[in-house]
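**Q** Below you'll find the structure I mean.
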Amino acid sequence: GQTTREVASYTLSRTFFVTTGDVDRVMQTAGQVTQLIEEGVLVISQSPAYYYSDPAPLKVELMGLASKDARGRAEEIARSAGCKLGQVRAAYMGVLQITRPYSTDVSAEGIYDISTIEKDAQAVVTVTFQILDE
């Protein structure tokens with residue numbers, strides 16, 4: 001401890017935000033940080049975050065597919081019970097789950113995983129149908 005006017009070192013902090021469709025290049029560039037470390041540069045880095053560019057149309061598409069699937073399943077259940085499917089009584093749209101591939105994570109608030117380029121998306125629709133006698 002003695003106070004001096006001598007500068008022992010400098011610290012530079014810089015955060016980069018890149019928006020691009022060329023995610024492979026981002027991944028490659030992020031991997032090149034090790035070259036700086038090998039040259040003696042102290043680097044504190046974080047993994048890139050990968051966002052789905054426009055989730056709104058995806059949600060609409062998935063909700064449509066889930067609704068169609070709900071009808072098909074309900075028709076099969078009604079048919080096996082000797083009944084006929086009637087009109088929709090109620091329909092509820094659930095949250096969108098965007099997860100890393102093969103993930104079993106679910107949340108009532110929805111999930112938006114940003115750790116991987118590849119993503120799985122799942123939507124849940126709850127539909128109540130009228131059941132009619134055949």
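The way I read the labels, and the way they are meant: chains A, B, ... in the order of the structure tokens, residue 1 as the first residue of every chain, and ligand 1 as the first ligand shown, with later ones counted on from there.
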With only C-alpha atoms as the counted atoms, please give the residues lying no more than 7 Å from stretch 109-126 of chain A, apart from itself and same-chain residues fewer than 3 positions off, as a list in words.
**A** Ala49, Tyr50, Tyr51, Leu62, Met63, Ala66, Ser67, Ala91, Tyr92, Met93, Gly94, Val95, Leu96, Gln97, Ile98, Thr99, Arg100, Pro101 and Val106 of chain A
**Q** Okay, now the selection with N, CA and C atoms, as a compact mmCIF listing (two decimals), in the first residue's frame?
**A**
```txt
# COMPACT_ATOMS: atom_id res chain seq x y z
N ALA A 49 -27.17 -14.68 -27.10
CA ALA A 49 -28.59 -14.95 -26.87
C ALA A 49 -29.26 -15.00 -28.23
N TYR A 50 -30.01 -16.07 -28.48
CA TYR A 50 -30.66 -16.27 -29.77
C TYR A 50 -32.17 -16.11 -29.61
N TYR A 51 -32.72 -15.10 -30.26
CA TYR A 51 -34.15 -14.81 -30.18
C TYR A 51 -34.85 -15.22 -31.47
N LEU A 62 -49.36 -21.84 -34.69
CA LEU A 62 -49.40 -22.96 -33.74
C LEU A 62 -50.77 -23.09 -33.09
N MET A 63 -51.41 -21.98 -32.78
CA MET A 63 -52.75 -22.03 -32.18
C MET A 63 -53.75 -22.64 -33.16
N ALA A 66 -53.04 -26.35 -33.20
CA ALA A 66 -53.50 -26.96 -31.95
C ALA A 66 -55.02 -27.07 -31.91
N SER A 67 -55.71 -26.07 -32.43
CA SER A 67 -57.18 -26.11 -32.47
C SER A 67 -57.68 -27.22 -33.38
N ALA A 91 -63.29 -21.79 -26.01
CA ALA A 91 -61.91 -22.03 -26.45
C ALA A 91 -60.99 -21.07 -25.71
N TYR A 92 -59.89 -21.60 -25.22
CA TYR A 92 -58.93 -20.81 -24.47
C TYR A 92 -57.54 -21.00 -25.07
N MET A 93 -56.87 -19.91 -25.27
CA MET A 93 -55.54 -19.93 -25.83
C MET A 93 -54.53 -19.92 -24.69
N GLY A 94 -53.62 -20.86 -24.71
CA GLY A 94 -52.58 -20.92 -23.69
C GLY A 94 -51.36 -20.10 -24.09
N VAL A 95 -50.33 -20.21 -23.30
CA VAL A 95 -49.10 -19.47 -23.57
C VAL A 95 -48.23 -20.23 -24.56
N LEU A 96 -47.29 -19.54 -25.13
CA LEU A 96 -46.34 -20.13 -26.07
C LEU A 96 -45.11 -20.57 -25.29
N GLN A 97 -44.67 -21.78 -25.54
CA GLN A 97 -43.45 -22.30 -24.92
C GLN A 97 -42.40 -22.42 -26.02
N ILE A 98 -41.35 -21.61 -25.97
CA ILE A 98 -40.24 -21.72 -26.93
C ILE A 98 -39.05 -22.20 -26.12
N THR A 99 -38.65 -23.45 -26.39
CA THR A 99 -37.61 -24.09 -25.58
C THR A 99 -36.48 -24.60 -26.46
N ARG A 100 -35.40 -25.01 -25.81
CA ARG A 100 -34.32 -25.67 -26.55
C ARG A 100 -34.85 -27.03 -27.00
N PRO A 101 -34.28 -27.60 -28.06
CA PRO A 101 -34.78 -28.89 -28.55
C PRO A 101 -34.78 -29.97 -27.46
N VAL A 106 -41.78 -26.56 -18.97
CA VAL A 106 -43.05 -25.88 -19.21
C VAL A 106 -43.28 -24.88 -18.08
```
**Q** Would you mind listing what lies within 12 Å of A:Val41 as a PyMOL selection string, with only C-alpha atoms counted and same-chain residues fewer than 5 positions away left out?
**A** chain A and resi 10-12+33-36
**Q** From a DSSP pass on the backbone, collect the residues of chain A flagged as strand (DSSP E or B) and hand them back as a PyMOL selection string.
**A** chain A and resi 83-99+111-112+120-133
**Q** Write the residues of the selection above to a file with C-alpha atoms, as a tab-separated table (two decimals), in the first residue's frame.
**A**
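Final file, again28.tsv:
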```
chain	number	residue	atom	x	y	z
A	83	CYS	CA	-71.67	-39.72	-29.92
A	84	LYS	CA	-71.22	-36.92	-32.40
A	85	LEU	CA	-69.22	-33.75	-31.92
A	86	GLY	CA	-71.23	-30.53	-31.83
A	87	GLN	CA	-70.23	-26.89	-31.91
A	88	VAL	CA	-67.47	-25.23	-29.91
A	89	ARG	CA	-68.71	-24.09	-26.50
A	90	ALA	CA	-65.50	-22.42	-25.33
A	91	ALA	CA	-61.91	-22.03	-26.45
A	92	TYR	CA	-58.93	-20.81	-24.47
A	93	MET	CA	-55.54	-19.93	-25.83
A	94	GLY	CA	-52.58	-20.92	-23.69
A	95	VAL	CA	-49.10	-19.47	-23.57
A	96	LEU	CA	-46.34	-20.13	-26.07
A	97	GLN	CA	-43.45	-22.30	-24.92
A	98	ILE	CA	-40.24	-21.72	-26.93
A	99	THR	CA	-37.61	-24.09	-25.58
A	111	ILE	CA	-40.95	-20.02	-21.70
A	112	TYR	CA	-38.67	-18.21	-24.11
A	120	ASP	CA	-38.93	-26.10	-30.26
A	121	ALA	CA	-42.21	-24.22	-30.01
A	122	GLN	CA	-45.38	-25.53	-28.41
A	123	ALA	CA	-48.80	-23.98	-27.95
A	124	VAL	CA	-51.72	-25.30	-25.93
A	125	VAL	CA	-55.34	-24.66	-26.78
A	126	THR	CA	-58.19	-25.81	-24.56
A	127	VAL	CA	-61.43	-26.31	-26.47
A	128	THR	CA	-64.79	-27.42	-25.07
A	129	PHE	CA	-67.18	-29.00	-27.59
A	130	GLN	CA	-70.86	-29.83	-27.41
A	131	ILE	CA	-71.52	-33.60	-27.55
A	132	LEU	CA	-74.60	-34.79	-29.46
A	133	ASP	CA	-76.31	-38.17	-29.51
```
**Q** Tell me which of A:Ser45, A:Ser53, A:Ser103, A:Ser13 sits closest to A:Ala30, counting only C-alpha atoms.
**A** A:Ser45
**Q** State, in Å with one decimal place, the distance from atom CA of A:Thr15 to atom CA of A:Asp54.
**A**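 Calculated distance between atom CA of A:Thr15 and atom CA of A:Asp54 is 23.8 Å.
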**Q** Apply DSSP to the structure's backbone, then extract all residues of chain A labelled alpha helix (DSSP H) and return them as a VMD selection string.
**A** chain A and resid 23 to 31 33 to 38 55 to 80
**Q** Generate the output file for the selected residues, C-alpha atoms, as an mmCIF file, in the first residue's frame.
**A**
```
data_model
loop_
_atom_site.group_PDB
_atom_site.id
_atom_site.type_symbol
_atom_site.label_atom_id
_atom_site.label_comp_id
_atom_site.auth_asym_id
_atom_site.auth_seq_id
_atom_site.Cartn_x
_atom_site.Cartn_y
_atom_site.Cartn_z
ATOM 1 C CA VAL A 23 -26.595 -16.670 -36.618
ATOM 2 C CA ASP A 24 -23.921 -19.136 -37.718
ATOM 3 C CA ARG A 25 -21.504 -16.250 -38.186
ATOM 4 C CA VAL A 26 -22.330 -14.890 -34.732
ATOM 5 C CA MET A 27 -21.635 -18.299 -33.223
ATOM 6 C CA GLN A 28 -18.325 -18.539 -35.115
ATOM 7 C CA THR A 29 -17.271 -15.030 -34.078
ATOM 8 C CA ALA A 30 -18.172 -15.628 -30.437
ATOM 9 C CA GLY A 31 -15.966 -18.713 -30.510
ATOM 10 C CA VAL A 33 -12.725 -14.915 -28.238
ATOM 11 C CA THR A 34 -10.233 -17.587 -27.204
ATOM 12 C CA GLN A 35 -7.702 -16.047 -29.620
ATOM 13 C CA LEU A 36 -7.763 -12.824 -27.596
ATOM 14 C CA ILE A 37 -7.273 -14.772 -24.380
ATOM 15 C CA GLU A 38 -4.277 -16.578 -25.911
ATOM 16 C CA PRO A 55 -42.982 -14.968 -32.557
ATOM 17 C CA ALA A 56 -46.450 -13.435 -33.162
ATOM 18 C CA PRO A 57 -47.151 -15.174 -36.532
ATOM 19 C CA LEU A 58 -45.684 -18.391 -35.123
ATOM 20 C CA LYS A 59 -48.124 -18.252 -32.209
ATOM 21 C CA VAL A 60 -51.082 -17.720 -34.559
ATOM 22 C CA GLU A 61 -49.980 -20.666 -36.727
ATOM 23 C CA LEU A 62 -49.405 -22.963 -33.745
ATOM 24 C CA MET A 63 -52.746 -22.028 -32.178
ATOM 25 C CA GLY A 64 -54.483 -22.899 -35.459
ATOM 26 C CA LEU A 65 -52.734 -26.262 -35.617
ATOM 27 C CA ALA A 66 -53.496 -26.964 -31.948
ATOM 28 C CA SER A 67 -57.181 -26.107 -32.469
ATOM 29 C CA LYS A 68 -57.393 -28.425 -35.468
ATOM 30 C CA ASP A 69 -55.706 -31.167 -33.425
ATOM 31 C CA ALA A 70 -58.146 -30.587 -30.540
ATOM 32 C CA ARG A 71 -61.100 -31.070 -32.896
ATOM 33 C CA GLY A 72 -59.616 -34.276 -34.317
ATOM 34 C CA ARG A 73 -59.002 -35.727 -30.875
ATOM 35 C CA ALA A 74 -62.469 -34.721 -29.649
ATOM 36 C CA GLU A 75 -64.104 -36.300 -32.723
ATOM 37 C CA GLU A 76 -62.272 -39.562 -32.042
ATOM 38 C CA ILE A 77 -63.345 -39.554 -28.386
ATOM 39 C CA ALA A 78 -66.968 -38.780 -29.309
ATOM 40 C CA ARG A 79 -66.985 -41.454 -32.029
ATOM 41 C CA SER A 80 -65.614 -44.116 -29.675
#
```
**Q** Rounded to one decimal in Å, what is the spacing between atom CA of A:Pro48 and atom CA of A:Asp105?
**A**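 Result for atom CA of A:Pro48 versus atom CA of A:Asp105: 20.7 Å, one decimal.
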